[in-house]
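One file, my_file.cif, is given below (mmCIF, C-alpha atoms).
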```
data_run
loop_
_atom_site.label_atom_id
_atom_site.label_comp_id
_atom_site.auth_asym_id
_atom_site.auth_seq_id
_atom_site.Cartn_x
_atom_site.Cartn_y
_atom_site.Cartn_z
CA MET L 23 8.24 -13.06 -19.97
CA LYS L 24 11.06 -13.90 -17.63
CA ARG L 25 10.99 -17.24 -15.85
CA ILE L 26 12.32 -18.80 -12.69
CA ARG L 27 12.91 -22.52 -12.41
CA ILE L 28 11.94 -23.97 -9.08
CA ILE L 29 13.78 -27.02 -7.71
CA ALA L 30 12.07 -29.45 -5.24
CA VAL L 31 8.56 -28.93 -3.96
CA LEU L 32 6.92 -25.63 -4.94
CA LEU L 33 3.47 -24.25 -5.49
CA ALA L 34 1.70 -27.37 -4.15
CA GLY L 35 -1.92 -26.46 -4.08
CA LEU L 36 -1.44 -23.18 -5.97
CA PHE L 37 -2.30 -24.54 -9.35
CA GLY L 38 -3.76 -27.81 -8.16
CA ALA L 39 -0.74 -29.90 -9.10
CA SER L 40 2.28 -31.37 -7.38
CA TYR L 41 5.78 -30.23 -8.30
CA ALA L 42 7.75 -32.66 -6.15
CA ASN L 43 11.08 -33.99 -7.32
CA ALA L 44 11.02 -32.03 -10.59
CA GLN L 45 12.18 -28.72 -11.98
CA GLU L 46 9.20 -26.53 -12.70
CA VAL L 47 9.00 -23.19 -14.48
CA LEU L 48 7.72 -20.19 -12.55
CA THR L 49 7.21 -17.03 -14.56
CA LEU L 50 7.17 -13.56 -13.05
CA GLN L 51 3.40 -13.64 -13.47
CA GLU L 52 3.20 -16.88 -11.49
CA ALA L 53 5.57 -15.52 -8.83
CA ILE L 54 3.25 -12.55 -8.34
CA LYS L 55 0.22 -14.84 -8.12
CA TYR L 56 2.06 -16.97 -5.59
CA ALA L 57 2.81 -13.88 -3.50
CA LEU L 58 -0.81 -12.71 -3.67
CA GLN L 59 -1.92 -16.02 -2.20
CA ASN L 60 0.88 -16.73 0.27
CA LYS L 61 2.44 -13.48 1.48
CA ALA L 62 1.36 -12.30 4.93
CA GLU L 63 0.31 -8.82 3.78
CA ALA L 64 -2.03 -10.25 1.16
CA LYS L 65 -3.54 -12.75 3.59
CA LYS L 66 -4.14 -10.11 6.27
CA SER L 67 -5.65 -7.70 3.77
CA ALA L 68 -8.03 -10.40 2.53
CA LEU L 69 -9.00 -11.12 6.13
CA ASP L 70 -9.78 -7.42 6.62
CA VAL L 71 -12.19 -7.61 3.68
CA GLU L 72 -13.83 -10.67 5.19
CA ASN L 73 -13.99 -9.01 8.60
CA ALA L 74 -15.78 -6.00 7.07
CA GLU L 75 -18.75 -8.26 6.32
CA TYR L 76 -18.98 -9.19 9.99
CA LYS L 77 -18.86 -5.53 10.95
CA ILE L 78 -21.80 -4.88 8.65
CA ASP L 79 -23.71 -7.73 10.30
CA GLU L 80 -22.89 -6.28 13.69
CA VAL L 81 -24.31 -2.85 12.81
CA ARG L 82 -27.29 -4.36 11.00
CA SER L 83 -28.20 -6.33 14.10
CA GLY L 84 -29.01 -3.06 15.87
CA ALA L 85 -31.91 -2.50 13.47
CA LEU L 86 -33.41 -5.92 14.17
CA PRO L 87 -35.64 -6.79 17.16
CA GLN L 88 -33.70 -7.38 20.35
CA VAL L 89 -35.31 -10.30 22.20
CA ASN L 90 -34.27 -11.31 25.70
CA ALA L 91 -35.53 -13.88 28.18
CA ASN L 92 -34.86 -13.77 31.88
CA GLY L 93 -35.99 -15.57 34.98
CA SER L 94 -35.27 -15.74 38.68
CA ILE L 95 -36.17 -17.78 41.75
CA ASN L 96 -35.81 -16.62 45.34
CA TYR L 97 -36.18 -18.34 48.68
CA ASN L 98 -36.95 -16.14 51.67
CA PRO L 99 -36.35 -18.07 54.92
CA LEU L 100 -37.25 -14.98 56.98
CA LEU L 101 -40.01 -12.79 55.62
CA GLN L 102 -39.82 -9.14 56.47
CA LYS L 103 -42.65 -7.97 58.78
CA SER L 104 -44.43 -4.62 58.74
CA ALA L 105 -46.19 -2.83 61.62
CA LEU L 106 -49.95 -2.36 61.11
CA PRO L 107 -52.80 -1.08 63.33
CA ALA L 108 -54.37 -3.99 65.24
CA GLU L 109 -57.96 -2.84 64.58
CA ILE L 110 -57.51 -3.79 60.92
CA PHE L 111 -57.52 -7.40 62.02
CA GLY L 112 -60.14 -6.95 64.82
CA GLY L 113 -57.70 -6.00 67.56
CA GLU L 114 -57.91 -3.26 70.13
CA PRO L 115 -57.62 0.30 68.82
CA GLY L 116 -54.23 1.88 69.42
CA GLU L 117 -52.39 -1.44 69.37
CA THR L 118 -49.89 -2.45 66.71
CA ILE L 119 -49.23 -5.90 65.35
CA MET L 120 -46.37 -7.18 63.12
CA VAL L 121 -47.49 -8.83 59.90
CA ALA L 122 -45.26 -10.72 57.40
CA PHE L 123 -45.92 -10.07 53.72
CA GLY L 124 -44.95 -12.34 50.85
CA GLN L 125 -44.21 -16.04 50.49
CA LYS L 126 -41.21 -18.24 51.22
CA TRP L 127 -40.72 -18.94 47.50
CA GLN L 128 -40.98 -16.38 44.71
CA THR L 129 -40.13 -16.74 41.01
CA ASN L 130 -40.66 -14.97 37.73
CA ALA L 131 -39.95 -15.63 34.06
CA ALA L 132 -40.40 -13.13 31.26
CA VAL L 133 -39.60 -12.44 27.61
CA SER L 134 -38.96 -8.88 26.43
CA VAL L 135 -38.55 -7.34 22.99
CA ASN L 136 -37.13 -3.99 21.91
CA GLN L 137 -37.37 -2.67 18.38
CA GLN L 138 -35.85 0.57 17.14
CA LEU L 139 -38.45 2.53 15.19
CA PHE L 140 -36.45 5.66 14.53
CA ASN L 141 -32.74 6.07 15.31
CA GLN L 142 -30.80 8.28 12.94
CA SER L 143 -27.46 7.24 14.41
CA LEU L 144 -28.26 3.60 13.65
CA PHE L 145 -29.27 4.35 10.05
CA THR L 146 -26.07 6.34 9.49
CA GLY L 147 -24.06 3.49 11.01
CA LEU L 148 -25.50 1.08 8.45
CA LYS L 149 -24.32 3.32 5.60
CA ALA L 150 -20.91 3.67 7.23
CA ALA L 151 -20.58 -0.11 7.58
CA LYS L 152 -21.18 -0.65 3.87
CA THR L 153 -18.70 2.11 3.01
CA THR L 154 -16.18 0.46 5.34
CA ARG L 155 -16.49 -2.74 3.30
CA GLU L 156 -15.66 -0.76 0.14
CA PHE L 157 -12.75 0.91 1.94
CA TYR L 158 -11.19 -2.44 2.85
CA GLN L 159 -11.76 -3.75 -0.68
CA ILE L 160 -9.87 -0.77 -2.13
CA ASN L 161 -7.19 -1.14 0.55
CA ASN L 162 -6.82 -4.79 -0.43
CA THR L 163 -6.24 -3.72 -4.03
CA LEU L 164 -3.60 -1.23 -2.89
CA THR L 165 -1.90 -3.91 -0.79
CA GLU L 166 -1.78 -6.21 -3.80
CA GLU L 167 -0.33 -3.46 -6.00
CA ASN L 168 2.41 -2.71 -3.46
CA LEU L 169 3.18 -6.42 -3.25
CA ILE L 170 3.35 -6.72 -7.03
CA GLU L 171 5.80 -3.82 -7.16
CA LYS L 172 7.97 -5.35 -4.45
CA VAL L 173 8.03 -8.79 -6.12
CA ALA L 174 8.83 -7.36 -9.57
CA ASN L 175 11.72 -5.25 -8.27
CA SER L 176 13.14 -8.16 -6.30
CA TYR L 177 12.76 -10.42 -9.33
CA TYR L 178 14.71 -8.11 -11.61
CA GLU L 179 17.47 -7.62 -9.03
CA VAL L 180 18.03 -11.37 -9.00
CA PHE L 181 17.99 -11.42 -12.78
CA GLN L 182 20.54 -8.60 -13.02
CA THR L 183 22.91 -10.37 -10.61
CA GLN L 184 22.49 -13.57 -12.63
CA LEU L 185 23.59 -11.69 -15.74
CA GLN L 186 26.56 -10.26 -13.83
CA LEU L 187 27.57 -13.79 -12.82
CA LYS L 188 27.31 -14.92 -16.43
CA THR L 189 29.60 -12.08 -17.52
CA LEU L 190 32.10 -13.03 -14.83
CA ASP L 191 32.06 -16.65 -15.98
CA ILE L 192 32.82 -15.61 -19.55
CA ASN L 193 35.64 -13.32 -18.43
CA LEU L 194 37.02 -15.99 -16.09
CA GLU L 195 36.97 -18.62 -18.82
CA SER L 196 38.80 -16.29 -21.19
CA THR L 197 41.45 -15.41 -18.60
CA ARG L 198 41.95 -19.07 -17.74
CA LYS L 199 42.56 -19.87 -21.41
CA THR L 200 45.11 -17.06 -21.58
CA ARG L 201 46.82 -18.40 -18.47
CA ASP L 202 46.94 -21.91 -19.89
CA VAL L 203 48.50 -20.64 -23.12
CA ILE L 204 51.12 -18.66 -21.24
CA LYS L 205 51.83 -21.64 -18.99
CA GLY L 206 52.45 -23.76 -22.07
CA LEU L 207 54.86 -21.16 -23.40
CA VAL L 208 56.64 -20.94 -20.04
CA ASP L 209 56.95 -24.71 -19.87
CA ALA L 210 58.41 -24.68 -23.37
CA GLY L 211 60.86 -21.96 -22.43
CA LEU L 212 59.21 -19.46 -24.77
CA GLY L 213 57.29 -17.35 -22.22
CA LYS L 214 57.96 -15.18 -19.22
CA LYS L 215 57.29 -16.41 -15.69
CA ILE L 216 56.07 -12.95 -14.68
CA ASP L 217 53.35 -13.08 -17.33
CA LEU L 218 52.15 -16.40 -15.94
CA ASP L 219 52.10 -14.98 -12.42
CA ARG L 220 50.11 -11.96 -13.54
CA THR L 221 47.47 -14.06 -15.28
CA THR L 222 47.30 -16.40 -12.27
CA VAL L 223 46.63 -13.39 -10.04
CA ALA L 224 43.95 -12.19 -12.46
CA VAL L 225 42.30 -15.64 -12.39
CA ASN L 226 42.39 -15.74 -8.59
CA ASN L 227 40.83 -12.26 -8.36
CA LEU L 228 38.05 -13.21 -10.79
CA GLU L 229 37.35 -16.42 -8.86
CA ALA L 230 37.07 -14.44 -5.61
CA GLN L 231 34.85 -11.87 -7.30
CA ARG L 232 32.70 -14.66 -8.72
CA GLN L 233 32.20 -16.15 -5.26
CA GLN L 234 31.16 -12.75 -3.93
CA VAL L 235 28.58 -12.43 -6.69
CA ILE L 236 27.32 -15.96 -5.96
CA ASN L 237 26.89 -15.01 -2.30
CA ALA L 238 25.10 -11.78 -3.27
CA LEU L 239 22.88 -13.77 -5.62
CA GLU L 240 21.94 -16.13 -2.81
CA LEU L 241 20.95 -13.19 -0.61
CA GLN L 242 18.84 -11.68 -3.39
CA GLU L 243 17.19 -15.01 -4.11
CA ASN L 244 16.31 -15.31 -0.42
CA ALA L 245 14.89 -11.78 -0.54
CA LEU L 246 12.78 -12.75 -3.56
CA LYS L 247 11.52 -15.90 -1.86
CA PHE L 248 10.62 -13.88 1.21
CA ALA L 249 8.86 -11.30 -0.98
CA ILE L 250 6.56 -13.95 -2.45
CA GLY L 251 6.13 -15.94 0.76
CA MET L 252 8.13 -18.95 -0.43
CA ASP L 253 10.06 -21.35 1.78
CA ILE L 254 13.65 -20.08 2.04
CA THR L 255 14.99 -23.63 1.63
CA ASP L 256 13.59 -23.90 -1.91
CA ASP L 257 16.06 -23.19 -4.71
CA ILE L 258 15.39 -20.77 -7.56
CA VAL L 259 17.34 -20.36 -10.80
CA LEU L 260 16.83 -17.63 -13.38
CA PRO L 261 16.74 -18.58 -17.06
CA GLU L 262 19.28 -17.39 -19.58
CA GLU L 263 17.18 -14.65 -21.13
CA THR L 264 17.55 -10.92 -21.62
CA PHE L 265 15.36 -8.08 -20.47
CA ASP L 266 12.54 -6.97 -22.74
CA ILE L 267 12.56 -3.30 -23.67
CA SER L 268 9.26 -1.61 -24.52
CA VAL L 269 9.49 2.06 -25.49
CA GLU L 270 5.74 2.22 -26.04
CA ARG L 271 5.18 2.49 -22.30
CA MET L 272 6.65 5.99 -22.34
CA TYR L 273 3.60 7.15 -24.25
CA ASP L 274 1.05 5.69 -21.85
CA THR L 275 -1.16 8.36 -20.32
CA ALA L 276 -1.70 8.50 -16.59
CA ASP L 277 -4.91 9.51 -14.87
CA VAL L 278 -4.12 10.12 -11.21
CA ASN L 279 -7.84 10.21 -10.40
CA SER L 280 -8.06 6.51 -11.27
CA ARG L 281 -5.18 5.54 -8.99
CA THR L 282 -5.96 3.22 -6.11
CA GLU L 283 -4.33 5.63 -3.64
CA ILE L 284 -6.78 8.38 -4.65
CA ALA L 285 -9.73 5.99 -4.59
CA LEU L 286 -8.76 4.98 -1.05
CA LEU L 287 -8.55 8.62 0.08
CA ASN L 288 -11.91 9.37 -1.55
CA LYS L 289 -13.46 6.45 0.30
CA GLN L 290 -11.86 7.69 3.50
CA THR L 291 -13.52 11.05 2.85
CA GLU L 292 -16.88 9.29 2.56
CA LEU L 293 -16.30 7.58 5.89
CA LEU L 294 -15.39 10.88 7.54
CA GLU L 295 -18.53 12.49 6.09
CA LEU L 296 -20.64 9.65 7.46
CA ASN L 297 -18.91 10.05 10.80
CA ARG L 298 -19.94 13.72 10.77
CA LYS L 299 -23.52 12.76 9.94
CA SER L 300 -23.47 10.24 12.77
CA ILE L 301 -22.49 13.00 15.18
CA VAL L 302 -25.20 15.31 13.79
CA SER L 303 -27.76 12.51 14.18
CA THR L 304 -27.40 12.74 17.96
CA TYR L 305 -29.51 15.91 17.67
CA TYR L 306 -32.40 13.77 16.43
CA PRO L 307 -34.92 12.14 18.78
CA SER L 308 -35.06 8.36 18.92
CA LEU L 309 -38.14 6.15 19.19
CA SER L 310 -38.34 2.50 20.11
CA PHE L 311 -41.01 -0.07 20.86
CA THR L 312 -40.87 -2.32 23.90
CA GLY L 313 -42.95 -5.28 24.95
CA ASN L 314 -42.79 -7.99 27.57
CA PHE L 315 -44.69 -11.05 28.71
CA GLY L 316 -44.06 -13.23 31.72
CA TYR L 317 -45.19 -15.20 34.74
CA LEU L 318 -44.87 -14.43 38.44
CA GLY L 319 -45.26 -17.15 41.06
CA MET L 320 -45.30 -17.23 44.88
CA GLY L 321 -45.86 -19.92 47.51
CA ASN L 322 -44.54 -21.69 50.56
CA ILE L 323 -43.24 -24.68 48.59
CA PHE L 324 -40.77 -25.07 45.78
CA PRO L 325 -42.41 -23.63 42.64
CA THR L 326 -43.88 -26.17 40.21
CA PHE L 327 -46.75 -25.70 37.83
CA GLY L 328 -49.92 -27.36 39.05
CA SER L 329 -48.97 -27.31 42.75
CA ASP L 330 -51.85 -26.21 44.99
CA GLY L 331 -49.46 -24.46 47.35
CA PHE L 332 -47.96 -22.26 44.66
CA LYS L 333 -49.86 -19.56 42.82
CA TRP L 334 -49.04 -18.22 39.36
CA SER L 335 -50.08 -15.10 37.55
CA ASN L 336 -49.07 -13.81 34.14
CA PHE L 337 -48.35 -10.25 33.10
CA SER L 338 -47.56 -8.33 29.88
CA GLY L 339 -46.87 -4.81 28.75
CA LEU L 340 -46.40 -2.76 25.59
CA GLY L 341 -44.78 0.64 25.33
CA LEU L 342 -43.05 3.31 23.29
CA ASN L 343 -39.84 4.94 24.43
CA LEU L 344 -39.11 8.44 23.11
CA SER L 345 -35.82 10.19 23.81
CA ILE L 346 -35.37 13.85 22.84
CA PRO L 347 -31.93 15.45 23.30
CA ILE L 348 -32.23 19.00 24.57
CA PHE L 349 -28.86 20.33 25.78
CA ASN L 350 -25.49 18.72 26.40
CA GLY L 351 -23.35 21.77 26.95
CA GLY L 352 -22.24 22.13 23.30
CA SER L 353 -20.43 18.80 23.19
CA THR L 354 -22.08 17.73 19.93
CA ARG L 355 -21.30 21.03 18.24
CA SER L 356 -17.61 20.70 19.15
CA LYS L 357 -17.49 17.13 17.80
CA ILE L 358 -19.05 18.29 14.52
CA ARG L 359 -16.42 20.98 14.11
CA GLN L 360 -13.67 18.45 14.79
CA ALA L 361 -15.18 16.19 12.11
CA ASP L 362 -15.16 19.14 9.69
CA ILE L 363 -11.45 19.66 10.35
CA GLU L 364 -10.72 15.99 9.58
CA LEU L 365 -12.60 16.31 6.29
CA ARG L 366 -10.61 19.38 5.31
CA LYS L 367 -7.35 17.64 6.20
CA THR L 368 -8.29 14.71 3.98
CA GLU L 369 -8.97 17.07 1.08
CA VAL L 370 -5.45 18.44 1.54
CA ASP L 371 -4.10 14.88 1.57
CA ILE L 372 -5.89 14.13 -1.70
CA GLN L 373 -4.45 17.16 -3.46
CA ASP L 374 -0.97 16.40 -2.14
CA ALA L 375 -1.28 12.75 -3.21
CA LYS L 376 -2.27 13.79 -6.72
CA LEU L 377 0.77 16.03 -6.98
CA GLY L 378 3.01 13.23 -5.72
CA LEU L 379 1.56 10.70 -8.17
CA SER L 380 1.95 13.11 -11.08
CA LEU L 381 5.57 13.71 -10.04
CA ALA L 382 6.21 9.97 -9.83
CA ASN L 383 4.79 9.49 -13.32
CA GLU L 384 6.99 12.20 -14.84
CA ASN L 385 10.06 10.95 -12.96
CA ALA L 386 9.44 7.39 -14.19
CA LYS L 387 9.18 8.59 -17.81
CA THR L 388 12.37 10.61 -17.45
CA GLN L 389 14.17 7.67 -15.86
CA ILE L 390 13.06 5.41 -18.69
CA LYS L 391 14.35 7.89 -21.26
CA ASN L 392 17.68 8.10 -19.46
CA SER L 393 17.84 4.31 -19.13
CA LEU L 394 17.15 3.83 -22.84
CA LEU L 395 19.95 6.23 -23.72
CA THR L 396 22.29 4.47 -21.32
CA ILE L 397 21.28 1.03 -22.63
CA ASN L 398 21.95 2.03 -26.23
CA THR L 399 25.30 3.53 -25.27
CA ASN L 400 26.31 0.49 -23.24
CA ARG L 401 25.27 -1.90 -25.99
CA SER L 402 27.53 -0.02 -28.36
CA ASN L 403 30.29 -0.14 -25.76
CA VAL L 404 29.85 -3.88 -25.33
CA ALA L 405 30.12 -4.45 -29.06
CA LEU L 406 33.15 -2.17 -29.27
CA ALA L 407 34.81 -3.74 -26.20
CA LYS L 408 34.26 -7.20 -27.70
CA GLU L 409 35.85 -6.10 -30.95
CA VAL L 410 38.83 -4.61 -29.08
CA LEU L 411 39.20 -7.80 -27.05
CA ASP L 412 39.17 -10.00 -30.16
CA ASN L 413 41.74 -7.78 -31.86
CA THR L 414 43.92 -7.67 -28.75
CA ASN L 415 43.77 -11.44 -28.43
CA ASN L 416 44.86 -11.80 -32.03
CA ASN L 417 47.64 -9.24 -31.60
CA TYR L 418 48.84 -10.88 -28.39
CA ALA L 419 48.98 -14.27 -30.13
CA ASN L 420 51.11 -12.69 -32.80
CA GLY L 421 53.33 -10.82 -30.36
CA LEU L 422 51.92 -7.41 -31.28
CA ALA L 423 50.23 -6.67 -27.93
CA THR L 424 51.37 -6.96 -24.35
CA LEU L 425 49.74 -9.03 -21.63
CA THR L 426 48.73 -5.82 -19.88
CA GLU L 427 46.80 -4.72 -22.94
CA LEU L 428 45.08 -8.10 -23.14
CA LEU L 429 44.04 -8.10 -19.47
CA ASP L 430 42.87 -4.50 -19.77
CA ALA L 431 40.76 -5.44 -22.80
CA GLU L 432 39.19 -8.34 -20.89
CA ASN L 433 38.38 -6.09 -17.94
CA ALA L 434 36.96 -3.41 -20.24
CA TYR L 435 34.68 -5.96 -21.87
CA ALA L 436 33.48 -7.24 -18.48
CA ASP L 437 32.88 -3.69 -17.26
CA ALA L 438 30.88 -2.89 -20.39
CA GLN L 439 28.72 -5.97 -19.87
CA ASN L 440 28.12 -5.12 -16.20
CA ASN L 441 27.27 -1.54 -17.07
CA LEU L 442 24.74 -2.80 -19.60
CA ASN L 443 23.20 -5.15 -17.05
CA THR L 444 22.94 -2.33 -14.52
CA ALA L 445 21.31 -0.07 -17.11
CA LEU L 446 18.81 -2.81 -17.96
CA LEU L 447 17.94 -3.23 -14.28
CA LYS L 448 17.42 0.52 -13.87
CA TYR L 449 15.17 0.47 -16.91
CA LYS L 450 13.03 -2.35 -15.54
CA VAL L 451 12.75 -0.63 -12.15
CA ALA L 452 11.71 2.60 -13.89
CA GLU L 453 9.28 0.61 -16.03
CA ILE L 454 7.65 -0.83 -12.91
CA GLN L 455 7.33 2.68 -11.50
CA LEU L 456 5.75 3.90 -14.74
CA ILE L 457 3.32 0.98 -14.79
CA LYS L 458 2.46 1.79 -11.18
CA SER L 459 1.99 5.50 -11.90
CA ASN L 460 -0.40 4.57 -14.71
CA GLY L 461 -2.37 2.39 -12.31
CA GLN L 462 -1.64 -0.76 -14.36
CA LEU L 463 0.31 -2.97 -11.96
CA LYS L 464 -2.42 -5.61 -12.13
CA THR L 465 -1.54 -6.10 -15.81
CA LEU L 466 1.61 -7.90 -14.62
CA VAL L 467 -0.64 -10.57 -13.12
CA ASN L 468 -2.63 -11.06 -16.31
CA ALA L 469 0.25 -10.62 -18.73
CA ASN L 470 0.98 -13.36 -21.20
#
```
Spit out the file's structure as structure tokens when you get a sec.
Amino acid sequence: MKRIRIIAVLLAGLFGASYANAQEVLTLQEAIKYALQNKAEAKKSALDVENAEYKIDEVRSGALPQVNANGSINYNPLLQKSALPAEIFGGEPGETIMVAFGQKWQTNAAVSVNQQLFNQSLFTGLKAAKTTREFYQINNTLTEENLIEKVANSYYEVFQTQLQLKTLDINLESTRKTRDVIKGLVDAGLGKKIDLDRTTVAVNNLEAQRQQVINALELQENALKFAIGMDITDDIVLPEETFDISVERMYDTADVNSRTEIALLNKQTELLELNRKSIVSTYYPSLSFTGNFGYLGMGNIFPTFGSDGFKWSNFSGLGLNLSIPIFNGGSTRSKIRQADIELRKTEVDIQDAKLGLSLANENAKTQIKNSLLTINTNRSNVALAKEVLDNTNNNYANGLATLTELLDAENAYADAQNNLNTALLKYKVAEIQLIKSNGQLKTLVNAN
């Protein structure tokens, strides 16, 4: 397993240990774990899973008794009067008197309860809430898989550039030695000044190329640190190791039905089906129980219990509320048909996703086969270029080869090394795609 050495403070709190002021080893597996705990996408996805529990609680609360308390107090400085026949109070017939009703102070306090006894929409909502939790759990898995893929690709890009830099260093060292030898010959009057100039130019070009690769490596390292949610100011260094090649992965079988993408679409289908049932449930009647209990008080003084000038009376009530939908102009029917269309569209998405995943699996296998062929060819080329370089060096030392032939041999060897490194990177990228198409990206987290 490839490793990255971290300089300064890294992973504090990740494994329960402090890494300050020491070089620590971070494998690809640990880099992925770090990303799963620190990258924004992973954090937000985990929060969605947590939030799903609160959504379930919210829907579940609708099936529980709804209890409310309310109270009011009113002061009426001017009581409204009503006209009444005077004979009611012993007056003359035909006369009218104005009588005030009520009291200056009036208050009430009551507690009410409402309990759903039958509400099909509510029951369907409870099922949908639980399915939503499962949807976010699957989506969290998919988010983690995408993050693993991104981290692995970024990791191998850094590794490939590190190998390219190593090849440049070897080529630069060799060219510098050649330049020093020629300089010694020129100083002794046995060499040509033009040969020294040509090797000096070659050294300068390699040094400039090396600096460009160093700059590119820094950019890729920053991209890797960003991919795993690491502080950009922390330094990372790749170890001097080679890529592992595993041809057995080509023979892994892929079951697209077990892919997280398909599982997510299947769960989405369940949610759409529940949404359809929720719409259908509006055809059903609903029944609920209601009850209340309270006190009503009136008087000419501020209300207090026990006051002679303020009278209290209690009240209560129990009831059943039945609602039966009869006709809404066909609105529900139209919504049901729209829900059916969404279900059919999701079925199309599932079939298309399966085709795409199968294609990705076959393409990854083909790319691995091509990469293996290219790797074997480039390894042979590296060995051959090294042999040519050694022979050319020997011939040049003995005056049997020109400087041009020597520089060409050095460049050919460097090109062969770079081509091999590129082929190795393409293989690892294709391997990640094959692991993904087999639904096994999580194995990179648990790998030894």
Could you list, with a cut-off of 8 Å and counting all atoms listed in the file, the residues of region 72-170 of chain L near region 279-292 of chain L, each shown with its nearest atom pair and the distance in Å rounded to one decimal, rows sorted by chain and ascending number, as a Markdown table?
```
| residue | atom | partner | partner_atom | distance |
| --- | --- | --- | --- | --- |
| L:Thr153 | CA | L:Lys289 | CA | 7.3 |
| L:Glu156 | CA | L:Lys289 | CA | 7.5 |
| L:Phe157 | CA | L:Lys289 | CA | 5.8 |
| L:Ile160 | CA | L:Leu286 | CA | 6.0 |
| L:Asn161 | CA | L:Leu286 | CA | 6.5 |
| L:Thr163 | CA | L:Thr282 | CA | 7.3 |
| L:Leu164 | CA | L:Thr282 | CA | 6.0 |
```
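Shortest separation to Gln360 (chain L) among L:Leu406, L:Leu139, L:Ile301, L:Ala238 occurs at residue L:Ile301, atoms counted being all atoms listed in the file.
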Output check: residues returned by the PyMOL selection byres ((chain L and resi 75-77) around 12), as a VMD selection string: chain L and resid 68 to 74 78 to 84 147 to 159
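For the pair CA of Asn227 (chain L) and CA of Leu194 (chain L), the separation is 9.4 Å.
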Near-Tyr449 (chain L) list (7 Å; all atoms listed in the file; drop same-chain fewer than 3 positions) as a list of chain:residue names: L:Ile390, L:Ser393, L:Ala445, L:Leu446, L:Ala452, L:Glu453
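Note that the spacing between CA of Met252 (chain L) and CA of Thr465 (chain L) amounts to 22.3 Å.
Atom to atom, CA of Met120 (chain L) and CA of Ile323 (chain L) stand 23.0 Å apart.
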